[in-house]
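Below is one structure; the comments refer to it alone.
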Amino acid sequence: MKNIGKVVRIQPFSVNDGDGIRTTIFLEGCKLKCKWCSNPDSWSGIVKLGVSKDKCKNCKKCIELCPQNIKDLFDRKEINSKCNLCGECVKNCTSNAICIMTNTMSIEEVVKRVEKDLIFFFESNGGVTFSGGEPTYQKGFLRELVNIFYDKGIDMAIETCGYFDWEKCKDIFEKVDHVFVDIKVMDENKHKRYTGVSNKIILENIKNIGKMNKSIVVRIPIISGINDDIENIKSTANFVKTNIKIPQIELLPYHKYGIDKYKMLGLDDYIYEYEAPSKVRIVELTNLIKSIGVKIVDYK
Ligand code: SF4
Ligand code: SF4
């Protein structure tokens, strides 16, 4: 039993992660390192103390009472080796420049938080969405939540990168109602180059999910010059059509909203800026996908 989990945040009134009004639970951890990731706050292995250079007035009040005797909040080496996220500096900063970008939560705490929103779920045909990071990264914690919400009759969606051990996670997928799964790029070498892993497991898992009787949407993050070529989109649409009973794709144009989070976490070295596709390109790709017989959906 895994009763404690790492939760980046719980976002109520979410309307982009499935049908109706939803409460999205962002779980920490992911085995991929996509170069365009907009959620570095979900990466594991770094201390999630976010500090804003723009807001900081350099008054040093934050470090006066630091029990770990940290001398510089912008020194990531010092933070990563000594900070225990006690939150003392957050309380002492009057400029709102510091935040803790993760939470350790028990199953009971997450369930209690979600239950506050039940009325909205039932009135809007909404529910819970598990997101991340990659929710299956904490599969024990995820499984417990899924089992509880399943028993309570709450609609569940999962947003997954598709990279997980099928045998160890299939019971989770059997219980959720909707699956949003990414195909970043079909070419295996390109996939390795931009995400750090092969796409073989992902494509196999999509075939397995495709055999289940549930709503599945394949999401493609569209990054200009990386995966927006006709060949890649055609190949993705054909794969979706062949392997999913009701084939649906959502195109997610690249955006740069995550850049501030990289800066706050001192991850400037990981910032890669790409180009978003033009509206015209999105229309062209939409038409191409439709011409192959795959429905286009849009939750954004
Ligand atoms: S969270 Fe606590 S340990 Fe970390 S820098 Fe702030 S005061 Fe120090
Ligand atoms: S207390 Fe806030 S404003 Fe002052 S130095 Fe620390 S982070 Fe900057």
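Residues are named by chain letter and number: chains run A, B, ... in the order of the structure tokens, numbers start at 1 in each chain, and ligands are numbered from 1 in the order shown.
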
Next on the checklist: Can you pull out every residue with an atom within 10 Å of ligand 2? Use only C-alpha atoms and all ligand atoms and format it as a PyMOL selection string.
Outcome noted: chain A and resi 50-64+72-74+89-99

Checklist entry - If we count only C-alpha atoms, what is near Val15 of chain A at a cut-off of 12 Å, once residues fewer than 2 positions away on the same chain are taken out, given as a list of chain:residue names? => result A:Gln11, A:Pro12, A:Phe13, A:Asp17, A:Gly18, A:Asp19, A:Gly20, A:Ile21, A:Arg22, A:Thr23, A:Thr24, A:Phe120, A:Phe121, A:Ser124, A:Asn125, A:Gly126, A:Gly127, A:Val128, A:Thr129, A:Asp298, A:Tyr299, A:Lys300

Next on the checklist: At a cut-off of 8 Å and counting only C-alpha atoms and all ligand atoms, what residues surround ligand 1? Please answer as a list in words.
Outcome noted: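 Using only C-alpha atoms and all ligand atoms, everything at most 8 Å from ligand 1 comes to Leu49, Cys62, Ile63, Leu65, Cys66, Pro67, Gln68, Asn69, Ile70, Leu73, Ile79, Lys82, Cys83, Asn84, Leu85, Cys86, Gly87, Glu88, Cys89, Val90 and Ile100 of chain A.
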
Next on the checklist: Excluding segment 280-297 of chain A and its own-chain neighbours fewer than 4 positions away, which residues fall within 6 Å of it when counting only C-alpha atoms? Please give them as a list of chain:residue names.
Outcome noted: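 Listing them by chain and then by number gives A:Ala237, A:Pro247, A:Gln248, A:Ile249, A:Glu250.
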
Would you save the residues of that selection, restricted to N, CA and C atoms, as an mmCIF file, in the first residue's frame?
data_model
loop_
_atom_site.group_PDB
_atom_site.id
_atom_site.type_symbol
_atom_site.label_atom_id
_atom_site.label_comp_id
_atom_site.auth_asym_id
_atom_site.auth_seq_id
_atom_site.Cartn_x
_atom_site.Cartn_y
_atom_site.Cartn_z
ATOM 1 N N ALA A 237 -1.796 9.442 -37.758
ATOM 2 C CA ALA A 237 -3.240 9.260 -37.985
ATOM 3 C C ALA A 237 -3.532 7.831 -38.438
ATOM 4 N N PRO A 247 -11.340 6.252 -33.527
ATOM 5 C CA PRO A 247 -10.084 7.013 -33.579
ATOM 6 C C PRO A 247 -10.288 8.520 -33.456
ATOM 7 N N GLN A 248 -9.598 9.119 -32.486
ATOM 8 C CA GLN A 248 -9.708 10.572 -32.265
ATOM 9 C C GLN A 248 -8.325 11.150 -31.969
ATOM 10 N N ILE A 249 -8.083 12.321 -32.531
ATOM 11 C CA ILE A 249 -6.803 13.018 -32.281
ATOM 12 C C ILE A 249 -7.092 14.443 -31.847
ATOM 13 N N GLU A 250 -6.294 14.938 -30.904
ATOM 14 C CA GLU A 250 -6.329 16.354 -30.540
ATOM 15 C C GLU A 250 -4.937 16.932 -30.820
#

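Distance check against Lys35 of chain A using only C-alpha atoms: of A:Lys184, A:Lys245, A:Lys214, A:Lys200, the minimum falls on A:Lys184.
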
Checklist entry - What is the distance, in Å and to one decimal place, between atom CA of Met105 of chain A and atom CA of Leu27 of chain A? => result 10.4 Å
